[in-house]
Amino acid sequence: MPPALLRATFAETKRLVDMDLDDLADLRNRTAAEQVKFFQEQRLLAPTSMFKCHCGSERELKSVDAEGTDCKWKCPVKACRSTKSYRLKSWFSNAKLSLVKALKYSYMWCMKQGNQKVRAREFRISKQTAVDWDNFHREGCCRWMLANQQGVKIGGPGKVVEVDEMQYKRKKHGVGRKTSTSDVWVMGGVERGSQRIFLVIVKDRTKQTLQSVIERYVKKGTTVITDAHVSYTGLSEKGYTHKVVNHKYHFVKPTDVLTHTQSQESIWQKVSRRFLLRLP
Ligand SMILES: [Zn+2]
C-alpha cells in the first residue's frame, strides 16, 4: 500500500470517529456495492480511477452474488473479465472483517472502547488477530504523527517531559500480510499536563543521536525524565534537569510491537490521544 494512501485512509478513519455509530448500523443493511461507494465517498477506499483494467477498460463494481453481499471491480470486456478487490491499496486491504466491522473496530480503538479481549470477543476474531489489528492502528498513528508533526519544541522551564525509546519491530505491513521484518527505533517524548508530544525515528541509540533529538524537540530548562540508558548521561550539562527513572522495561516478545510496561499509560497511548486531538 502506498504510504500516502495509508495515511489518508487512516486520517479519514479517525475523522469518522465523529460519526454516529447508528450510521454504521444503517450501512450494514446496504449492499456491498453501496457500502463500497460510501467508503469511497469518505475516501476510505481507493477511487474508481485506480481500478482501470490493464486491457484499457474501466472496471465496474459488480456484485458477486444475487444478494449483493459481496462485490468486486470487474472488467466488462468479455475476453478479459479481470477482477480486483475494492480493498486494494486501502486501510482495509487484507482485513478479513467486513468494511463496516473493520471501521467499527477502528472506531472502538480510537475511542478506547473495550480492550483487546473485549474487541476480540465483539468481532469474533482470535486474540492474535486483535493483537495484529491493534498494532496496525498504532503503526498508522505513528506514520501519521511522523508525517504531520511540525518542528515544534515541547517543554520549557517548570515543565516535565518524559522521553522514551521504543523498538518498532514491524512484523507485518498490514493485517494478514507478510512482508520482510525490520527493526526501527522510535523515540518519543510527552509533556506532562499538556500531553504535547514529539515522535522521531532514530537510526541508533548512541549518546549523540538521542541527545541531539532531545535538543531538537525539547526546550532548554525542561525537566527531562528518561530511563537509565547510558546514552542519556551528561544531559544535565546541556541545559536540562535530568531525572532518571529506573523502570523495568519489557520489550516483551518480538511480536508485541510498540509495547512496554513502564506505566499504565504508555507514550503510545498518549500518542494516539494526541493524534486524535490534532484532527480537524
Ligand atoms: Zn480488462
# chains A, B, ... in the order shown; residues from 1 in each chain; ligands from 1
>>> residues_near_ligand(ligand="ligand 1", cutoff="9 Å", atoms="only C-alpha atoms and all ligand atoms", output="PDB file with C-alpha atoms, in the first residue's frame")
ATOM      1  CA  LYS A  52      -8.682   0.765 -14.547  1.00  0.00           C
ATOM      2  CA  CYS A  53      -8.015  -2.597 -16.171  1.00  0.00           C
ATOM      3  CA  HIS A  54      -4.696  -3.476 -17.807  1.00  0.00           C
ATOM      4  CA  CYS A  55      -6.650  -4.014 -21.050  1.00  0.00           C
ATOM      5  CA  GLY A  56      -7.563  -0.331 -21.034  1.00  0.00           C
ATOM      6  CA  SER A  57     -11.228  -0.614 -19.996  1.00  0.00           C
ATOM      7  CA  GLU A  58     -12.765   0.768 -16.849  1.00  0.00           C
ATOM      8  CA  ARG A  59     -13.611  -1.919 -14.316  1.00  0.00           C
ATOM      9  CA  LYS A  74     -14.778  -6.392 -12.819  1.00  0.00           C
ATOM     10  CA  CYS A  75     -13.604  -5.640 -16.347  1.00  0.00           C
ATOM     11  CA  PRO A  76     -16.633  -5.532 -18.714  1.00  0.00           C
ATOM     12  CA  VAL A  77     -14.651  -6.816 -21.696  1.00  0.00           C
ATOM     13  CA  LYS A  78     -15.755 -10.381 -22.366  1.00  0.00           C
ATOM     14  CA  ALA A  79     -12.335 -11.638 -23.355  1.00  0.00           C
ATOM     15  CA  CYS A  80     -10.780 -10.104 -20.255  1.00  0.00           C
ATOM     16  CA  ARG A  81     -13.115 -10.201 -17.215  1.00  0.00           C
ATOM     17  CA  SER A  82     -10.227  -9.356 -14.959  1.00  0.00           C
ATOM     18  CA  THR A  83     -11.217  -8.573 -11.351  1.00  0.00           C
TER      19      THR A  83
END
>>> closest_atom_pairs(of="range 54-78 of chain A", to="range 93-111 of chain A", cutoff="12 Å", atoms="only C-alpha atoms", output="JSON lines")
{"residue": "A:Thr69", "atom": "CA", "partner": "A:Ser98", "partner_atom": "CA", "distance": 10.1}
{"residue": "A:Asp70", "atom": "CA", "partner": "A:Ser98", "partner_atom": "CA", "distance": 9.6}
{"residue": "A:Cys71", "atom": "CA", "partner": "A:Ser98", "partner_atom": "CA", "distance": 11.8}
>>> write_last_selection(atoms="N, CA and C atoms", output="short mmCIF file (atom, residue, chain, number, x, y, z; two decimals), in the first residue's frame")
data_model
loop_
_atom_site.label_atom_id
_atom_site.label_comp_id
_atom_site.auth_asym_id
_atom_site.auth_seq_id
_atom_site.Cartn_x
_atom_site.Cartn_y
_atom_site.Cartn_z
N THR A 69 -24.14 -9.40 -1.25
CA THR A 69 -23.37 -9.35 0.00
C THR A 69 -21.88 -9.12 -0.23
N ASP A 70 -21.46 -9.34 -1.48
CA ASP A 70 -20.04 -9.09 -1.80
C ASP A 70 -19.94 -8.57 -3.23
N CYS A 71 -18.89 -7.86 -3.50
CA CYS A 71 -18.71 -7.34 -4.86
C CYS A 71 -17.24 -7.22 -5.21
#
>>> select_by_dssp(residues="range 75-244 of chain A", states="strand (DSSP E)", output="ChimeraX atom specification")
/A:83-84,160-174,177-191,197-202,223-226,241-244
>>> write_last_selection(atoms="C-alpha atoms", output="PDB file, in the first residue's frame")
ATOM      1  CA  THR A  83     -11.217  -8.573 -11.351  1.00  0.00           C
ATOM      2  CA  LYS A  84      -9.743  -6.620  -8.491  1.00  0.00           C
ATOM      3  CA  VAL A 160       8.322  17.930  32.657  1.00  0.00           C
ATOM      4  CA  VAL A 161       8.909  15.854  29.553  1.00  0.00           C
ATOM      5  CA  GLU A 162       9.056  12.090  29.639  1.00  0.00           C
ATOM      6  CA  VAL A 163      11.282  10.637  26.966  1.00  0.00           C
ATOM      7  CA  ASP A 164      11.253   7.064  25.866  1.00  0.00           C
ATOM      8  CA  GLU A 165      12.599   4.953  23.060  1.00  0.00           C
ATOM      9  CA  MET A 166      10.760   2.026  21.657  1.00  0.00           C
ATOM     10  CA  GLN A 167      11.635  -0.694  19.304  1.00  0.00           C
ATOM     11  CA  TYR A 168       9.253  -0.598  16.452  1.00  0.00           C
ATOM     12  CA  LYS A 169       9.508  -4.132  15.230  1.00  0.00           C
ATOM     13  CA  ARG A 170       7.479  -4.456  12.136  1.00  0.00           C
ATOM     14  CA  LYS A 171       6.403  -7.993  11.611  1.00  0.00           C
ATOM     15  CA  LYS A 172       3.712  -7.269   9.128  1.00  0.00           C
ATOM     16  CA  HIS A 173       2.929  -4.384   6.908  1.00  0.00           C
ATOM     17  CA  GLY A 174      -0.780  -4.919   7.012  1.00  0.00           C
ATOM     18  CA  ARG A 177       0.139  -9.705   5.028  1.00  0.00           C
ATOM     19  CA  LYS A 178       3.660 -10.955   5.430  1.00  0.00           C
ATOM     20  CA  THR A 179       6.496  -8.678   4.445  1.00  0.00           C
ATOM     21  CA  SER A 180      10.098  -8.516   5.477  1.00  0.00           C
ATOM     22  CA  THR A 181      10.743  -7.735   9.105  1.00  0.00           C
ATOM     23  CA  SER A 182      12.643  -4.653  10.072  1.00  0.00           C
ATOM     24  CA  ASP A 183      13.654  -3.112  13.371  1.00  0.00           C
ATOM     25  CA  VAL A 184      13.146   0.576  13.793  1.00  0.00           C
ATOM     26  CA  TRP A 185      13.873   2.615  16.892  1.00  0.00           C
ATOM     27  CA  VAL A 186      11.333   5.304  17.580  1.00  0.00           C
ATOM     28  CA  MET A 187      11.973   7.955  20.149  1.00  0.00           C
ATOM     29  CA  GLY A 188       9.084   9.823  21.690  1.00  0.00           C
ATOM     30  CA  GLY A 189       8.518  12.478  24.313  1.00  0.00           C
ATOM     31  CA  VAL A 190       5.400  13.617  26.145  1.00  0.00           C
ATOM     32  CA  GLU A 191       4.995  16.876  28.009  1.00  0.00           C
ATOM     33  CA  ILE A 197       4.380  15.058  22.064  1.00  0.00           C
ATOM     34  CA  PHE A 198       7.186  14.561  19.615  1.00  0.00           C
ATOM     35  CA  LEU A 199       7.983  11.376  17.810  1.00  0.00           C
ATOM     36  CA  VAL A 200      11.001  10.590  15.689  1.00  0.00           C
ATOM     37  CA  ILE A 201      12.653   7.596  14.101  1.00  0.00           C
ATOM     38  CA  VAL A 202      16.252   7.282  15.177  1.00  0.00           C
ATOM     39  CA  THR A 223      12.934  18.573  33.432  1.00  0.00           C
ATOM     40  CA  VAL A 224      13.578  15.555  31.247  1.00  0.00           C
ATOM     41  CA  ILE A 225      12.784  12.119  32.562  1.00  0.00           C
ATOM     42  CA  THR A 226      14.483   9.222  30.851  1.00  0.00           C
ATOM     43  CA  THR A 241      17.202  18.981  34.629  1.00  0.00           C
ATOM     44  CA  HIS A 242      17.718  15.310  34.091  1.00  0.00           C
ATOM     45  CA  LYS A 243      15.903  12.697  36.116  1.00  0.00           C
ATOM     46  CA  VAL A 244      16.334   9.004  35.657  1.00  0.00           C
TER      47      VAL A 244
END
>>> residues_around(residues="Tyr86 in chain A", least_positions_apart="3", cutoff="9 Å", atoms="only C-alpha atoms", output="ChimeraX atom specification")
/A:36,45-46,48,51,61,71-73,89-90,93
>>> write_last_selection(atoms="C-alpha atoms", output="tab-separated table (two decimals), in the first residue's frame")
chain	number	residue	atom	x	y	z
A	36	VAL	CA	-18.07	0.47	-1.21
A	45	LEU	CA	-11.28	3.16	-0.26
A	46	ALA	CA	-9.29	3.79	-3.41
A	48	THR	CA	-12.68	4.19	-9.13
A	51	PHE	CA	-9.31	0.23	-10.87
A	61	LEU	CA	-18.31	-2.63	-9.45
A	71	CYS	CA	-18.71	-7.34	-4.86
A	72	LYS	CA	-15.62	-6.91	-6.99
A	73	TRP	CA	-14.27	-4.50	-9.56
A	89	LYS	CA	-4.40	-0.25	-1.53
A	90	SER	CA	-6.58	0.81	1.35
A	93	SER	CA	-6.66	-4.48	2.33
>>> residues_around(residues="range 209-221 of chain A", least_positions_apart="6", cutoff="8 Å", atoms="only C-alpha atoms", output="list in words")
Gly151, Val152, Lys153, Ile154, Gly155, Gly156, Pro157, Gly158, Val161, Phe198, Val202, Lys203, Ser231, Tyr232, Leu235, Lys238, Gly239, Tyr240 and Thr241 of chain A
>>> write_last_selection(atoms="C-alpha atoms", output="PDB file, in the first residue's frame")
ATOM      1  CA  GLY A 151       9.200  21.019  14.130  1.00  0.00           C
ATOM      2  CA  VAL A 152       7.701  22.224  17.374  1.00  0.00           C
ATOM      3  CA  LYS A 153       9.568  22.134  20.632  1.00  0.00           C
ATOM      4  CA  ILE A 154       7.863  20.911  23.769  1.00  0.00           C
ATOM      5  CA  GLY A 155       8.644  21.552  27.430  1.00  0.00           C
ATOM      6  CA  GLY A 156      10.262  24.640  28.905  1.00  0.00           C
ATOM      7  CA  PRO A 157      11.146  25.849  32.400  1.00  0.00           C
ATOM      8  CA  GLY A 158       8.868  24.284  35.001  1.00  0.00           C
ATOM      9  CA  VAL A 161       8.909  15.854  29.553  1.00  0.00           C
ATOM     10  CA  PHE A 198       7.186  14.561  19.615  1.00  0.00           C
ATOM     11  CA  VAL A 202      16.252   7.282  15.177  1.00  0.00           C
ATOM     12  CA  LYS A 203      18.978   5.373  13.386  1.00  0.00           C
ATOM     13  CA  SER A 231      23.246   7.463  26.284  1.00  0.00           C
ATOM     14  CA  TYR A 232      21.396   9.977  28.445  1.00  0.00           C
ATOM     15  CA  LEU A 235      22.124  15.569  29.639  1.00  0.00           C
ATOM     16  CA  LYS A 238      23.078  20.653  28.228  1.00  0.00           C
ATOM     17  CA  GLY A 239      20.595  22.884  29.991  1.00  0.00           C
ATOM     18  CA  TYR A 240      18.120  20.292  31.212  1.00  0.00           C
ATOM     19  CA  THR A 241      17.202  18.981  34.629  1.00  0.00           C
TER      20      THR A 241
END
>>> residues_around(residues="Val131 in chain A", least_positions_apart="2", cutoff="9 Å", atoms="only C-alpha atoms", output="MDAnalysis selection string")
chainID A and resid 116 120 126:129 133:136 255:256
>>> atom_distance(atom1="CA of Lys62 in chain A", atom2="CA of Thr31 in chain A")
10.8 Å
>>> select_by_dssp(residues="range 103-242 of chain A", states="helix (DSSP H, G or I)", output="PyMOL selection string")
chain A and resi 103-110+116-122+127-148+207-217+230-232+235-238
>>> write_last_selection(atoms="C-alpha atoms", output="PDB file, in the first residue's frame")
ATOM      1  CA  LEU A 103     -14.423   0.565  10.595  1.00  0.00           C
ATOM      2  CA  LYS A 104     -16.202  -0.119  13.851  1.00  0.00           C
ATOM      3  CA  TYR A 105     -13.053  -1.758  15.159  1.00  0.00           C
ATOM      4  CA  SER A 106     -11.092   1.397  14.307  1.00  0.00           C
ATOM      5  CA  TYR A 107     -13.766   3.469  15.972  1.00  0.00           C
ATOM      6  CA  MET A 108     -13.560   1.419  19.145  1.00  0.00           C
ATOM      7  CA  TRP A 109      -9.788   1.501  19.136  1.00  0.00           C
ATOM      8  CA  CYS A 110      -9.743   5.269  18.702  1.00  0.00           C
ATOM      9  CA  GLN A 116      -8.105  -6.304  23.132  1.00  0.00           C
ATOM     10  CA  LYS A 117     -10.006  -9.132  24.807  1.00  0.00           C
ATOM     11  CA  VAL A 118     -13.329  -7.319  24.597  1.00  0.00           C
ATOM     12  CA  ARG A 119     -12.788  -6.459  20.940  1.00  0.00           C
ATOM     13  CA  ALA A 120     -11.730  -9.999  20.094  1.00  0.00           C
ATOM     14  CA  ARG A 121     -14.994 -11.224  21.563  1.00  0.00           C
ATOM     15  CA  GLU A 122     -17.105  -8.479  19.995  1.00  0.00           C
ATOM     16  CA  LYS A 127      -6.665 -12.897  20.183  1.00  0.00           C
ATOM     17  CA  GLN A 128      -3.773 -12.859  17.727  1.00  0.00           C
ATOM     18  CA  THR A 129      -5.881 -11.105  15.092  1.00  0.00           C
ATOM     19  CA  ALA A 130      -6.858  -8.477  17.671  1.00  0.00           C
ATOM     20  CA  VAL A 131      -3.171  -8.034  18.506  1.00  0.00           C
ATOM     21  CA  ASP A 132      -2.403  -7.592  14.796  1.00  0.00           C
ATOM     22  CA  TRP A 133      -5.204  -5.089  14.401  1.00  0.00           C
ATOM     23  CA  ASP A 134      -4.133  -3.042  17.395  1.00  0.00           C
ATOM     24  CA  ASN A 135      -0.566  -2.988  16.133  1.00  0.00           C
ATOM     25  CA  PHE A 136      -1.756  -1.929  12.719  1.00  0.00           C
ATOM     26  CA  HIS A 137      -3.575   1.010  14.317  1.00  0.00           C
ATOM     27  CA  ARG A 138      -0.560   2.009  16.380  1.00  0.00           C
ATOM     28  CA  GLU A 139       1.562   1.856  13.291  1.00  0.00           C
ATOM     29  CA  GLY A 140      -0.949   4.041  11.450  1.00  0.00           C
ATOM     30  CA  CYS A 141      -0.798   6.529  14.303  1.00  0.00           C
ATOM     31  CA  CYS A 142       2.970   6.635  14.237  1.00  0.00           C
ATOM     32  CA  ARG A 143       3.131   7.048  10.497  1.00  0.00           C
ATOM     33  CA  TRP A 144       0.668   9.888  10.677  1.00  0.00           C
ATOM     34  CA  MET A 145       2.492  11.582  13.527  1.00  0.00           C
ATOM     35  CA  LEU A 146       5.836  11.226  11.797  1.00  0.00           C
ATOM     36  CA  ALA A 147       4.417  12.709   8.616  1.00  0.00           C
ATOM     37  CA  ASN A 148       2.446  15.529  10.211  1.00  0.00           C
ATOM     38  CA  LYS A 207      24.518   9.298  23.059  1.00  0.00           C
ATOM     39  CA  GLN A 208      24.965  11.610  20.101  1.00  0.00           C
ATOM     40  CA  THR A 209      21.733  10.563  18.414  1.00  0.00           C
ATOM     41  CA  LEU A 210      19.473  10.532  21.484  1.00  0.00           C
ATOM     42  CA  GLN A 211      20.761  13.754  22.980  1.00  0.00           C
ATOM     43  CA  SER A 212      20.595  15.653  19.707  1.00  0.00           C
ATOM     44  CA  VAL A 213      16.943  14.580  19.337  1.00  0.00           C
ATOM     45  CA  ILE A 214      16.207  15.976  22.807  1.00  0.00           C
ATOM     46  CA  GLU A 215      17.950  19.236  21.931  1.00  0.00           C
ATOM     47  CA  ARG A 216      15.937  19.469  18.760  1.00  0.00           C
ATOM     48  CA  TYR A 217      12.498  18.772  20.253  1.00  0.00           C
ATOM     49  CA  VAL A 230      23.796   5.229  29.308  1.00  0.00           C
ATOM     50  CA  SER A 231      23.246   7.463  26.284  1.00  0.00           C
ATOM     51  CA  TYR A 232      21.396   9.977  28.445  1.00  0.00           C
ATOM     52  CA  LEU A 235      22.124  15.569  29.639  1.00  0.00           C
ATOM     53  CA  SER A 236      22.115  17.859  32.704  1.00  0.00           C
ATOM     54  CA  GLU A 237      25.130  19.638  31.246  1.00  0.00           C
ATOM     55  CA  LYS A 238      23.078  20.653  28.228  1.00  0.00           C
TER      56      LYS A 238
END
>>> atom_distance(atom1="CA of Arg28 in chain A", atom2="CA of Met50 in chain A")
24.9 Å
>>> atom_distance(atom1="CA of Ala33 in chain A", atom2="CA of Gln113 in chain A")
28.9 Å
